[in-house]
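A.B. asks: Contents of work20.pdb (PDB, C-alpha atoms, pLDDT in the B column) are given next:
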```
ATOM      1  CA  MET A   4     104.815 108.857 108.200  1.00 33.00           C
ATOM      2  CA  MET A   5     104.167 111.458 110.869  1.00 37.00           C
ATOM      3  CA  ASN A   6     102.873 114.921 110.081  1.00 39.00           C
ATOM      4  CA  GLY A   7     104.976 116.480 112.804  1.00 40.00           C
ATOM      5  CA  GLY A   8     106.611 118.985 110.481  1.00 43.00           C
ATOM      6  CA  ALA A   9     109.100 119.215 107.668  1.00 43.00           C
ATOM      7  CA  GLY A  10     111.951 118.269 109.976  1.00 45.00           C
ATOM      8  CA  ASN A  11     110.860 114.631 109.797  1.00 48.00           C
ATOM      9  CA  VAL A  12     111.363 114.395 106.039  1.00 56.00           C
ATOM     10  CA  ARG A  13     114.799 114.560 104.479  1.00 74.00           C
ATOM     11  CA  ALA A  14     115.009 117.099 101.688  1.00 87.00           C
ATOM     12  CA  GLN A  15     115.703 115.544  98.302  1.00 94.00           C
ATOM     13  CA  SER A  16     116.905 117.163  95.114  1.00 97.00           C
ATOM     14  CA  PHE A  17     116.320 115.972  91.563  1.00 98.00           C
ATOM     15  CA  LEU A  18     117.350 116.561  87.998  1.00 98.00           C
ATOM     16  CA  SER A  19     114.683 115.816  85.427  1.00 98.00           C
ATOM     17  CA  PHE A  20     114.910 115.173  81.723  1.00 98.00           C
ATOM     18  CA  ASP A  21     112.539 115.708  78.816  1.00 96.00           C
ATOM     19  CA  PHE A  22     114.022 113.141  76.457  1.00 94.00           C
ATOM     20  CA  GLY A  23     114.063 113.762  72.729  1.00 91.00           C
ATOM     21  CA  THR A  24     115.976 112.210  69.859  1.00 90.00           C
ATOM     22  CA  ARG A  25     117.525 115.614  68.985  1.00 92.00           C
ATOM     23  CA  ARG A  26     117.441 117.473  72.305  1.00 94.00           C
ATOM     24  CA  VAL A  27     117.103 116.703  75.999  1.00 96.00           C
ATOM     25  CA  GLY A  28     115.582 119.345  78.264  1.00 97.00           C
ATOM     26  CA  VAL A  29     116.897 119.486  81.825  1.00 98.00           C
ATOM     27  CA  ALA A  30     115.401 120.949  85.003  1.00 98.00           C
ATOM     28  CA  SER A  31     116.224 120.879  88.703  1.00 98.00           C
ATOM     29  CA  GLY A  32     114.043 120.896  91.763  1.00 97.00           C
ATOM     30  CA  ASN A  33     113.660 119.666  95.295  1.00 95.00           C
ATOM     31  CA  THR A  34     111.173 118.537  97.893  1.00 92.00           C
ATOM     32  CA  VAL A  35     111.772 121.613 100.074  1.00 91.00           C
ATOM     33  CA  LEU A  36     110.316 124.056  97.555  1.00 89.00           C
ATOM     34  CA  GLY A  37     108.180 121.455  95.782  1.00 88.00           C
ATOM     35  CA  GLY A  38     108.890 123.121  92.466  1.00 91.00           C
ATOM     36  CA  ALA A  39     111.260 122.936  89.556  1.00 96.00           C
ATOM     37  CA  GLN A  40     113.247 125.341  87.425  1.00 97.00           C
ATOM     38  CA  PRO A  41     114.273 124.846  83.803  1.00 97.00           C
ATOM     39  CA  LEU A  42     118.064 124.649  83.449  1.00 97.00           C
ATOM     40  CA  LYS A  43     119.011 124.080  79.829  1.00 96.00           C
ATOM     41  CA  THR A  44     118.614 121.947  76.753  1.00 96.00           C
ATOM     42  CA  ILE A  45     121.472 119.756  75.615  1.00 96.00           C
ATOM     43  CA  ALA A  46     122.075 118.247  72.201  1.00 92.00           C
ATOM     44  CA  ALA A  47     121.265 114.557  72.074  1.00 77.00           C
ATOM     45  CA  ASP A  48     124.327 113.331  70.217  1.00 82.00           C
ATOM     46  CA  GLY A  49     125.717 110.155  71.730  1.00 80.00           C
ATOM     47  CA  ASP A  50     128.313 110.265  74.473  1.00 85.00           C
ATOM     48  CA  ALA A  51     128.502 114.077  74.396  1.00 92.00           C
ATOM     49  CA  ARG A  52     124.952 114.068  75.781  1.00 94.00           C
ATOM     50  CA  PHE A  53     126.030 111.909  78.730  1.00 96.00           C
ATOM     51  CA  ASP A  54     129.147 114.038  79.290  1.00 96.00           C
ATOM     52  CA  ALA A  55     126.923 117.130  79.571  1.00 96.00           C
ATOM     53  CA  ILE A  56     124.536 115.282  81.903  1.00 97.00           C
ATOM     54  CA  GLY A  57     127.488 114.090  84.007  1.00 97.00           C
ATOM     55  CA  ALA A  58     128.640 117.703  84.400  1.00 97.00           C
ATOM     56  CA  LEU A  59     125.137 118.732  85.539  1.00 98.00           C
ATOM     57  CA  ILE A  60     125.007 115.861  88.030  1.00 98.00           C
ATOM     58  CA  ALA A  61     128.405 116.897  89.409  1.00 98.00           C
ATOM     59  CA  GLU A  62     127.200 120.505  89.726  1.00 97.00           C
ATOM     60  CA  TRP A  63     123.732 119.874  91.205  1.00 97.00           C
ATOM     61  CA  GLN A  64     124.422 116.654  93.196  1.00 97.00           C
ATOM     62  CA  PRO A  65     120.857 115.295  92.867  1.00 98.00           C
ATOM     63  CA  ASP A  66     119.562 112.454  95.036  1.00 97.00           C
ATOM     64  CA  ALA A  67     117.727 110.972  92.058  1.00 98.00           C
ATOM     65  CA  LEU A  68     116.848 111.554  88.420  1.00 98.00           C
ATOM     66  CA  VAL A  69     113.432 111.832  86.770  1.00 98.00           C
ATOM     67  CA  VAL A  70     112.778 111.007  83.120  1.00 98.00           C
ATOM     68  CA  GLY A  71     109.637 111.909  81.228  1.00 97.00           C
ATOM     69  CA  VAL A  72     108.303 108.972  79.238  1.00 96.00           C
ATOM     70  CA  PRO A  73     105.854 109.820  76.439  1.00 94.00           C
ATOM     71  CA  PHE A  74     102.776 107.772  75.581  1.00 92.00           C
ATOM     72  CA  HIS A  75      99.970 108.096  73.043  1.00 90.00           C
ATOM     73  CA  PRO A  76      96.884 109.953  74.345  1.00 89.00           C
ATOM     74  CA  ASP A  77      95.202 106.579  75.009  1.00 92.00           C
ATOM     75  CA  GLY A  78      98.179 105.451  77.116  1.00 90.00           C
ATOM     76  CA  ALA A  79      99.637 103.110  74.506  1.00 93.00           C
ATOM     77  CA  PRO A  80     103.432 103.081  74.142  1.00 93.00           C
ATOM     78  CA  HIS A  81     105.182 104.143  70.917  1.00 91.00           C
ATOM     79  CA  ASP A  82     108.754 104.279  69.596  1.00 92.00           C
ATOM     80  CA  ASN A  83     109.724 107.269  71.751  1.00 92.00           C
ATOM     81  CA  THR A  84     108.281 105.533  74.825  1.00 95.00           C
ATOM     82  CA  ARG A  85     110.858 102.786  74.430  1.00 96.00           C
ATOM     83  CA  ARG A  86     113.634 105.275  73.594  1.00 95.00           C
ATOM     84  CA  ALA A  87     112.923 107.307  76.752  1.00 96.00           C
ATOM     85  CA  GLN A  88     112.835 104.142  78.886  1.00 97.00           C
ATOM     86  CA  ARG A  89     116.171 103.083  77.399  1.00 97.00           C
ATOM     87  CA  PHE A  90     117.561 106.552  78.173  1.00 96.00           C
ATOM     88  CA  ALA A  91     116.367 106.142  81.785  1.00 98.00           C
ATOM     89  CA  ARG A  92     118.164 102.767  82.029  1.00 98.00           C
ATOM     90  CA  GLN A  93     121.330 104.316  80.562  1.00 97.00           C
ATOM     91  CA  LEU A  94     121.228 107.133  83.122  1.00 97.00           C
ATOM     92  CA  HIS A  95     120.937 104.616  85.948  1.00 98.00           C
ATOM     93  CA  GLY A  96     123.732 102.475  84.519  1.00 97.00           C
ATOM     94  CA  ARG A  97     126.130 105.373  84.002  1.00 97.00           C
ATOM     95  CA  PHE A  98     125.462 107.481  87.088  1.00 98.00           C
ATOM     96  CA  ARG A  99     124.197 104.903  89.618  1.00 97.00           C
ATOM     97  CA  LEU A 100     121.412 107.163  90.860  1.00 98.00           C
ATOM     98  CA  PRO A 101     117.781 106.148  91.301  1.00 97.00           C
ATOM     99  CA  VAL A 102     115.791 106.994  88.159  1.00 98.00           C
ATOM    100  CA  HIS A 103     112.036 107.612  88.275  1.00 97.00           C
ATOM    101  CA  GLU A 104     109.917 107.501  85.123  1.00 97.00           C
ATOM    102  CA  VAL A 105     106.983 109.904  84.772  1.00 95.00           C
ATOM    103  CA  ASP A 106     104.220 109.889  82.154  1.00 93.00           C
ATOM    104  CA  GLU A 107     104.934 113.119  80.319  1.00 91.00           C
ATOM    105  CA  ARG A 108     102.058 113.379  77.863  1.00 86.00           C
ATOM    106  CA  TYR A 109     101.494 116.989  76.752  1.00 84.00           C
ATOM    107  CA  THR A 110     104.312 118.613  78.741  1.00 88.00           C
ATOM    108  CA  THR A 111     106.009 120.106  75.664  1.00 86.00           C
ATOM    109  CA  THR A 112     102.639 121.330  74.366  1.00 87.00           C
ATOM    110  CA  GLU A 113     101.951 122.873  77.783  1.00 90.00           C
ATOM    111  CA  ALA A 114     105.383 124.531  77.849  1.00 91.00           C
ATOM    112  CA  LEU A 115     104.882 125.985  74.371  1.00 89.00           C
ATOM    113  CA  ALA A 116     101.384 127.208  75.269  1.00 91.00           C
ATOM    114  CA  ALA A 117     102.877 128.994  78.287  1.00 91.00           C
ATOM    115  CA  GLY A 118     105.308 130.790  75.982  1.00 93.00           C
ATOM    116  CA  ALA A 119     108.475 129.125  77.274  1.00 92.00           C
ATOM    117  CA  ALA A 120     111.661 130.375  75.633  1.00 92.00           C
ATOM    118  CA  ASP A 121     113.208 126.897  75.982  1.00 94.00           C
ATOM    119  CA  ALA A 122     110.304 124.466  75.600  1.00 94.00           C
ATOM    120  CA  ASP A 123     112.422 121.366  76.276  1.00 94.00           C
ATOM    121  CA  ALA A 124     113.815 122.643  79.583  1.00 96.00           C
ATOM    122  CA  ALA A 125     110.375 123.995  80.547  1.00 96.00           C
ATOM    123  CA  ALA A 126     108.852 120.585  79.787  1.00 95.00           C
ATOM    124  CA  ALA A 127     111.502 118.970  82.007  1.00 97.00           C
ATOM    125  CA  ALA A 128     110.418 121.344  84.809  1.00 96.00           C
ATOM    126  CA  LEU A 129     106.763 120.357  84.301  1.00 95.00           C
ATOM    127  CA  ILE A 130     107.759 116.669  84.433  1.00 96.00           C
ATOM    128  CA  LEU A 131     109.603 117.236  87.706  1.00 97.00           C
ATOM    129  CA  GLU A 132     106.755 119.257  89.225  1.00 95.00           C
ATOM    130  CA  GLN A 133     104.383 116.421  88.348  1.00 94.00           C
ATOM    131  CA  PHE A 134     106.733 113.948  90.049  1.00 96.00           C
ATOM    132  CA  LEU A 135     107.098 116.160  93.142  1.00 95.00           C
ATOM    133  CA  ARG A 136     103.300 116.347  93.469  1.00 92.00           C
ATOM    134  CA  THR A 137     103.171 112.538  93.681  1.00 90.00           C
ATOM    135  CA  LEU A 138     105.700 112.634  96.552  1.00 87.00           C
ATOM    136  CA  ALA A 139     103.672 115.223  98.462  1.00 74.00           C
ATOM    137  CA  ARG A 140     100.593 112.999  98.659  1.00 70.00           C
TER     138      ARG A 140
END
```
Please express what this file holds, its structure, as structure tokens.
C.D. replies:
Amino acid sequence: MMNGGAGNVRAQSFLSFDFGTRRVGVASGNTVLGGAQPLKTIAADGDARFDAIGALIAEWQPDALVVGVPFHPDGAPHDNTRRAQRFARQLHGRFRLPVHEVDERYTTTEALAAGAADADAAAAALILEQFLRTLAR
């Protein structure tokens, strides 16, 4: 890729998700600003969750989705790892957008330590910022 300026790279927007069995935090961001903003937390009850996500996708029109996938500190998967990966597959299947998985160890802890009012949405923003940093390399 050339470094001839931002005009050579198409801007992309994303919605990111901090998956939880009770709540799903949501954030938005893009490659132009390279940052993310917490949007909201939605209840994780079945199809209502996907209806709420569908409304956000319709509103924000993202190019792709990002899902935080938790692991143990040593990198080993656990039950929520598989649940988050399944959620990512469901998002792809329902909304037909590219879905990127990001290792999200400690994002909720980091959001709480920063004093976030909505830790789940703030964690989703941290997940997206981490993803955007990988694109900037």
A.B. asks: Please tell me which residues are no farther than 12 Å from (104.2, 105.8, 73.9) in the file, counting only C-alpha atoms, and write them as number ranges by chain.
C.D. replies: A: 71-88, 105-109
A.B. asks: Given only C-alpha atoms as the basis, pick out the residue of A:Thr111, A:Arg97, A:Leu59, A:Val27 nearest to A:Ala125.
C.D. replies: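 Closest to A:Ala125, using only C-alpha atoms: A:Thr111.
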A.B. asks: Kindly give the distance, in Å, that separates atom CA of A:Ile45 and atom CA of A:Asp121, rounded to a single decimal.
C.D. replies: 10.9 Å
A.B. asks: Which one of A:Gln15, A:Ala120, A:Arg140, A:Gly23 sits closest to A:Arg52 if you count all atoms listed in the file?
C.D. replies: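 Using all atoms listed in the file, the shortest distance to A:Arg52 belongs to A:Gly23.
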A.B. asks: Applying the PyMOL selection byres ((chain A and resi 101) around 9) to the file I just gave you, which residues come out? Please list them as a list of chain:residue names.
C.D. replies: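 With the PyMOL selection byres ((chain A and resi 101) around 9) on this model, the match is A:Asp66, A:Ala67, A:Leu68, A:Val69, A:Leu94, A:His95, A:Phe98, A:Arg99, A:Leu100, A:Val102, A:His103.
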A.B. asks: Enumerate, as a PyMOL selection string, the residues matched when the PyMOL selection byres ((chain A and resi 129-131) around 9) is run on the file above.
C.D. replies: chain A and resi 17-21+30-33+38-41+69-71+105-107+110-111+113-114+124-128+132-136
A.B. asks: Atom CA of A:Ala122 and atom CA of A:Leu42 are how many Å apart?
C.D. replies: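 These atoms are spaced 11.0 Å apart.
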A.B. asks: Name the closest residue to A:Arg26 among the candidates A:Gly49, A:Gly96, A:Pro65, A:Gly57; distances are taken between atoms, counting all atoms listed in the file.
C.D. replies: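 Looking only at the distances to A:Arg26, the closest residue turns out to be A:Gly49.
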A.B. asks: Grab the atom CA of A:Asp48 to atom CA of A:Trp63 distance for me, in Å with one decimal place.
C.D. replies: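 Computed distance, atom CA of A:Asp48 to atom CA of A:Trp63, equals 22.0 Å.
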A.B. asks: Box for stretch 11-26 of chain A - axis-aligned, 8 Å on each of the six sides, all listed atoms - centre and size in Å to one decimal, as JSON.
C.D. replies:
```
{"center_x": 114.2, "center_y": 114.8, "center_z": 89.4, "size_x": 22.7, "size_y": 21.3, "size_z": 56.8}
```
A.B. asks: Out of A:Arg89, A:Gln64, A:Thr112, A:Ala117, which residue has the shortest atom-to-atom distance to A:Thr24 when counting all atoms listed in the file?
C.D. replies: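 Residue with the minimum atom-to-atom distance to A:Thr24: A:Arg89.
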